[in-house]
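File shown: upload-v6.cif. Contents: mmCIF, C-alpha atoms.
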```cif
data_query
#
loop_
_atom_site.label_atom_id
_atom_site.label_comp_id
_atom_site.auth_asym_id
_atom_site.auth_seq_id
_atom_site.Cartn_x
_atom_site.Cartn_y
_atom_site.Cartn_z
CA MET A 1 292.53 -115.54 103.78
CA GLU A 2 289.17 -116.77 102.65
CA LYS A 3 287.02 -114.68 100.41
CA GLN A 4 283.68 -115.72 98.94
CA VAL A 5 283.04 -114.31 95.52
CA ARG A 6 279.90 -114.67 93.48
CA ILE A 7 280.26 -114.60 89.72
CA VAL A 8 277.51 -114.28 87.15
CA PRO A 9 278.77 -115.96 83.98
CA PRO A 10 277.78 -114.51 80.62
CA ALA A 11 274.87 -116.06 78.76
CA SER A 12 276.18 -118.58 76.29
CA ARG A 13 274.90 -121.32 74.04
CA CYS A 14 278.32 -122.98 73.87
CA SER A 15 277.20 -125.91 75.98
CA GLY A 16 274.59 -126.82 73.37
CA ASP A 17 271.83 -126.49 76.00
CA PRO A 18 269.55 -123.63 74.94
CA SER A 19 267.38 -123.86 78.09
CA PRO A 20 267.09 -120.48 79.86
CA HIS A 21 267.78 -121.93 83.32
CA ARG A 22 271.45 -122.29 82.30
CA TYR A 23 271.90 -118.56 81.73
CA ASN A 24 273.13 -116.11 84.34
CA VAL A 25 273.50 -118.75 87.01
CA VAL A 26 275.32 -117.43 90.08
CA VAL A 27 278.45 -119.50 90.63
CA PRO A 28 280.18 -119.00 93.99
CA PHE A 29 283.93 -119.43 94.27
CA VAL A 30 285.98 -119.10 97.41
CA ILE A 31 289.58 -117.87 97.21
CA ARG A 32 291.60 -119.39 100.03
CA ASP A 33 295.12 -120.31 101.01
CA PHE A 34 296.59 -123.64 99.97
CA LYS A 35 296.32 -126.59 102.37
CA PRO A 36 298.59 -129.67 102.14
CA GLU A 37 295.63 -131.87 101.15
CA ASP A 38 295.17 -129.67 98.05
CA PHE A 39 298.44 -130.81 96.49
CA GLU A 40 297.28 -133.88 94.52
CA PRO A 41 294.18 -132.18 93.02
CA LEU A 42 296.25 -129.11 92.11
CA TRP A 43 298.93 -131.22 90.47
CA ARG A 44 296.23 -133.00 88.42
CA ILE A 45 294.84 -129.60 87.38
CA ASP A 46 298.31 -128.56 86.23
CA GLN A 47 298.62 -131.75 84.16
CA GLU A 48 295.23 -131.00 82.57
CA CYS A 49 296.05 -127.36 81.83
CA PHE A 50 299.49 -127.71 80.30
CA PRO A 51 301.14 -130.12 77.87
CA PRO A 52 304.16 -132.25 78.79
CA GLY A 53 307.26 -130.10 78.86
CA ILE A 54 305.32 -127.16 80.28
CA SER A 55 303.31 -128.85 83.06
CA TYR A 56 305.20 -129.47 86.29
CA SER A 57 306.32 -132.77 87.74
CA LYS A 58 305.18 -133.43 91.31
CA PRO A 59 308.61 -132.58 92.77
CA GLU A 60 308.78 -129.32 90.77
CA LEU A 61 305.32 -128.14 91.80
CA LYS A 62 305.94 -129.13 95.42
CA SER A 63 309.20 -127.19 95.41
CA TYR A 64 307.56 -124.02 94.04
CA ILE A 65 304.71 -124.20 96.56
CA ARG A 66 307.06 -124.78 99.52
CA ARG A 67 309.67 -122.17 98.58
CA ARG A 68 310.34 -119.49 101.20
CA GLY A 69 308.28 -116.40 100.39
CA ALA A 70 305.85 -118.32 98.16
CA PHE A 71 302.11 -118.43 98.51
CA THR A 72 299.46 -120.48 96.75
CA LEU A 73 295.84 -119.44 96.46
CA VAL A 74 293.08 -121.88 95.55
CA ALA A 75 289.69 -121.11 93.99
CA SER A 76 287.11 -123.62 95.24
CA ASP A 77 283.59 -124.11 93.96
CA ALA A 78 280.44 -124.47 96.09
CA GLU A 79 281.28 -128.14 96.85
CA GLY A 80 284.82 -127.25 97.93
CA LYS A 81 286.41 -128.72 94.79
CA ALA A 82 289.40 -126.83 93.41
CA ALA A 83 288.50 -124.92 90.24
CA GLY A 84 291.93 -123.31 89.90
CA PHE A 85 295.03 -122.08 91.67
CA ILE A 86 297.94 -119.67 91.46
CA VAL A 87 301.48 -120.07 92.83
CA VAL A 88 303.40 -116.85 93.43
CA HIS A 89 306.81 -115.98 94.86
CA SER A 90 307.00 -112.70 96.77
CA GLY A 91 309.78 -110.16 96.56
CA SER A 92 310.33 -106.59 95.45
CA THR A 93 309.19 -107.96 92.09
CA GLY A 94 306.79 -110.85 92.64
CA HIS A 95 306.76 -113.80 90.25
CA VAL A 96 303.76 -115.82 89.10
CA ILE A 97 304.98 -119.39 88.77
CA THR A 98 301.71 -120.76 87.41
CA ILE A 99 298.02 -119.98 87.23
CA ASP A 100 295.77 -122.90 86.33
CA VAL A 101 291.98 -123.06 85.91
CA VAL A 102 290.06 -126.25 85.08
CA ALA A 103 288.39 -126.19 81.67
CA ALA A 104 284.85 -126.26 83.13
CA ALA A 105 285.54 -123.10 85.18
CA ARG A 106 287.14 -121.03 82.42
CA ARG A 107 285.36 -117.90 81.24
CA PHE A 108 283.70 -117.54 84.66
CA GLY A 109 286.30 -115.12 86.01
CA VAL A 110 288.18 -117.63 88.17
CA GLY A 111 291.56 -116.72 86.66
CA SER A 112 290.89 -113.02 87.22
CA LEU A 113 289.88 -113.66 90.84
CA LEU A 114 293.10 -115.57 91.45
CA MET A 115 295.28 -112.99 89.70
CA ASN A 116 293.66 -110.05 91.49
CA ALA A 117 293.95 -111.74 94.89
CA ALA A 118 297.61 -112.57 94.26
CA GLU A 119 298.39 -109.03 93.15
CA GLU A 120 296.65 -107.64 96.26
CA ARG A 121 298.76 -109.90 98.46
CA LEU A 122 301.95 -108.87 96.66
CA ARG A 123 301.11 -105.16 97.09
CA ALA A 124 300.43 -105.72 100.79
CA ALA A 125 303.85 -107.40 101.10
CA GLY A 126 305.57 -104.41 99.48
CA SER A 127 306.10 -105.72 95.95
CA THR A 128 306.23 -102.97 93.34
CA ALA A 129 305.90 -105.20 90.27
CA VAL A 130 305.10 -108.75 89.23
CA GLY A 131 306.49 -110.84 86.42
CA LEU A 132 305.74 -114.15 84.74
CA GLU A 133 306.56 -116.28 81.74
CA THR A 134 304.15 -117.74 79.23
CA SER A 135 304.64 -119.90 76.18
CA VAL A 136 304.80 -117.93 72.92
CA ASP A 137 302.07 -120.16 71.49
CA ASN A 138 299.62 -119.83 74.42
CA LEU A 139 297.43 -117.15 72.86
CA SER A 140 294.63 -117.37 75.44
CA ALA A 141 297.13 -116.81 78.27
CA LEU A 142 298.72 -113.91 76.41
CA SER A 143 295.32 -112.29 75.94
CA PHE A 144 294.47 -112.86 79.62
CA TYR A 145 297.72 -111.27 80.83
CA LYS A 146 297.36 -108.31 78.46
CA ARG A 147 293.82 -107.68 79.82
CA HIS A 148 295.35 -107.63 83.30
CA GLY A 149 297.94 -105.01 82.38
CA TYR A 150 301.00 -107.21 81.73
CA ASN A 151 303.44 -106.23 78.98
CA VAL A 152 305.96 -108.34 77.10
CA ILE A 153 309.48 -107.28 78.03
CA ARG A 154 311.54 -109.96 76.27
CA THR A 155 311.62 -113.49 74.86
CA ARG A 156 313.50 -116.38 76.48
CA PRO A 157 314.50 -118.81 73.74
CA ARG A 158 313.88 -122.51 74.42
CA TYR A 159 312.71 -121.72 77.97
CA TYR A 160 310.48 -124.77 78.34
CA SER A 161 311.84 -128.32 78.40
CA ASN A 162 309.98 -129.07 75.16
CA GLY A 163 312.04 -126.35 73.41
CA VAL A 164 309.28 -123.72 73.17
CA ASP A 165 310.20 -120.08 73.74
CA ALA A 166 308.67 -118.06 76.57
CA LEU A 167 307.54 -114.46 76.66
CA VAL A 168 308.61 -112.68 79.82
CA MET A 169 305.85 -110.32 80.97
CA LYS A 170 305.74 -107.70 83.70
CA LYS A 171 303.23 -105.44 85.41
CA ASP A 172 303.91 -102.55 87.75
CA LEU A 173 301.87 -102.75 90.92
#
```
Would you kindly transcribe this structure into structure tokens?
Amino acid sequence: MEKQVRIVPPASRCSGDPSPHRYNVVVPFVIRDFKPEDFEPLWRIDQECFPPGISYSKPELKSYIRRRGAFTLVASDAEGKAAGFIVVHSGSTGHVITIDVVAAARRFGVGSLLMNAAEERLRAAGSTAVGLETSVDNLSALSFYKRHGYNVIRTRPRYYSNGVDALVMKKDL
């Protein structure tokens, strides 16, 4: 599966560069299946996106990616560099293991592209719902999941190895 998507980011002065050529630049991202050579860059992205205790060790991430019924989608920029990825386990209720987007690609719709593509694949495989966990203190993730139709169904105390609770969220497909 390879899908080219063109995104027009919102105009913003956050970068400190007020020049008009920075606004409404078309940024192409390609959503594609994971390849073995993606592993190291994806693991580094996970380390960047999550603090110790929430980020995955290499063996953990490798295990989730290789698990029977799992799929991993990668968002690549115009140069082919990974801008983000999602790891999902299929089943009657799919499960998002992780969704990671590099800081420079956030707010450009990369996370939404990955989530939408994963949900499409789950629907095609016969899943009727999808669930995930997120840290109770990850407010940006909570907001993202709510925008995508996920609802909190319960809390898992001390879910993460650093002792932080997780919110279990679910969406009907």
Result set, the PyMOL selection byres ((chain A and resi 161) around 9) on current file, as a PyMOL selection string: chain A and resi 52-54+158-160+162-164
A:Ala103, A:Val152, A:Val96, A:Leu139 ranked by distance to Leu73 in chain A, top pick (using all atoms listed in the file):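 Checking each of A:Ala103, A:Val152, A:Val96, A:Leu139 against Leu73 in chain A, counting all atoms listed in the file, the winner is A:Val96.
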Target residues per the PyMOL selection byres ((chain A and resi 80-86) around 8), formatted as a VMD selection string: chain A and resid 38 41 to 42 45 72 to 79 87 to 88 96 to 102 105 110 to 111 114 to 115 118
Target residues per the PyMOL selection byres ((chain A and resi 171) around 10), formatted as a list in words: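 So the PyMOL selection byres ((chain A and resi 171) around 10), applied here, picks out Thr93, Gly94, Glu119, Thr128, Ala129, Val130, Gly131, Leu132, Tyr145, Lys146, His148, Gly149, Tyr150, Asn151, Val152, Ile153, Met169, Lys170, Asp172 and Leu173 of chain A.
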Point-to-point distance from CA of Ala141 in chain A to CA of Phe50 in chain A, Å rounded to tenths: 11.3 Å
Atom pair CA of Phe71 in chain A / CA of Arg121 in chain A: separation (Å):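 According to the coordinates, CA of Phe71 in chain A and CA of Arg121 in chain A are separated by 9.2 Å.
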Pick from A:Arg154, A:Arg66, A:Arg106, A:Arg44 nearest to Leu167 in chain A, counting only C-alpha atoms: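 Selected residue with least distance to Leu167 in chain A: A:Arg154.
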What's the 8 Å shell around Ser90 in chain A, counting only C-alpha atoms, without same-chain residues fewer than 4 positions away, as a PDB file with C-alpha atoms, in the frame of the given file?
```
ATOM      1  CA  GLY A  69     308.280-116.400 100.390  1.00  0.00           C
ATOM      2  CA  ALA A  70     305.850-118.320  98.160  1.00  0.00           C
ATOM      3  CA  PHE A  71     302.110-118.430  98.510  1.00  0.00           C
ATOM      4  CA  GLY A  94     306.790-110.850  92.640  1.00  0.00           C
ATOM      5  CA  HIS A  95     306.760-113.800  90.250  1.00  0.00           C
ATOM      6  CA  LEU A 122     301.950-108.870  96.660  1.00  0.00           C
ATOM      7  CA  ALA A 125     303.850-107.400 101.100  1.00  0.00           C
ATOM      8  CA  SER A 127     306.100-105.720  95.950  1.00  0.00           C
TER       9      SER A 127
END
```
Closest of A:Val168, A:Ile65, A:Glu133, A:Leu142 to Lys35 in chain A - atom-to-atom distances counting all atoms listed in the file: A:Ile65
Gap from CA of Ser112 in chain A to CA of Pro59 in chain A - Å, one decimal: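 That distance, rounded to one decimal, is 27.0 Å.
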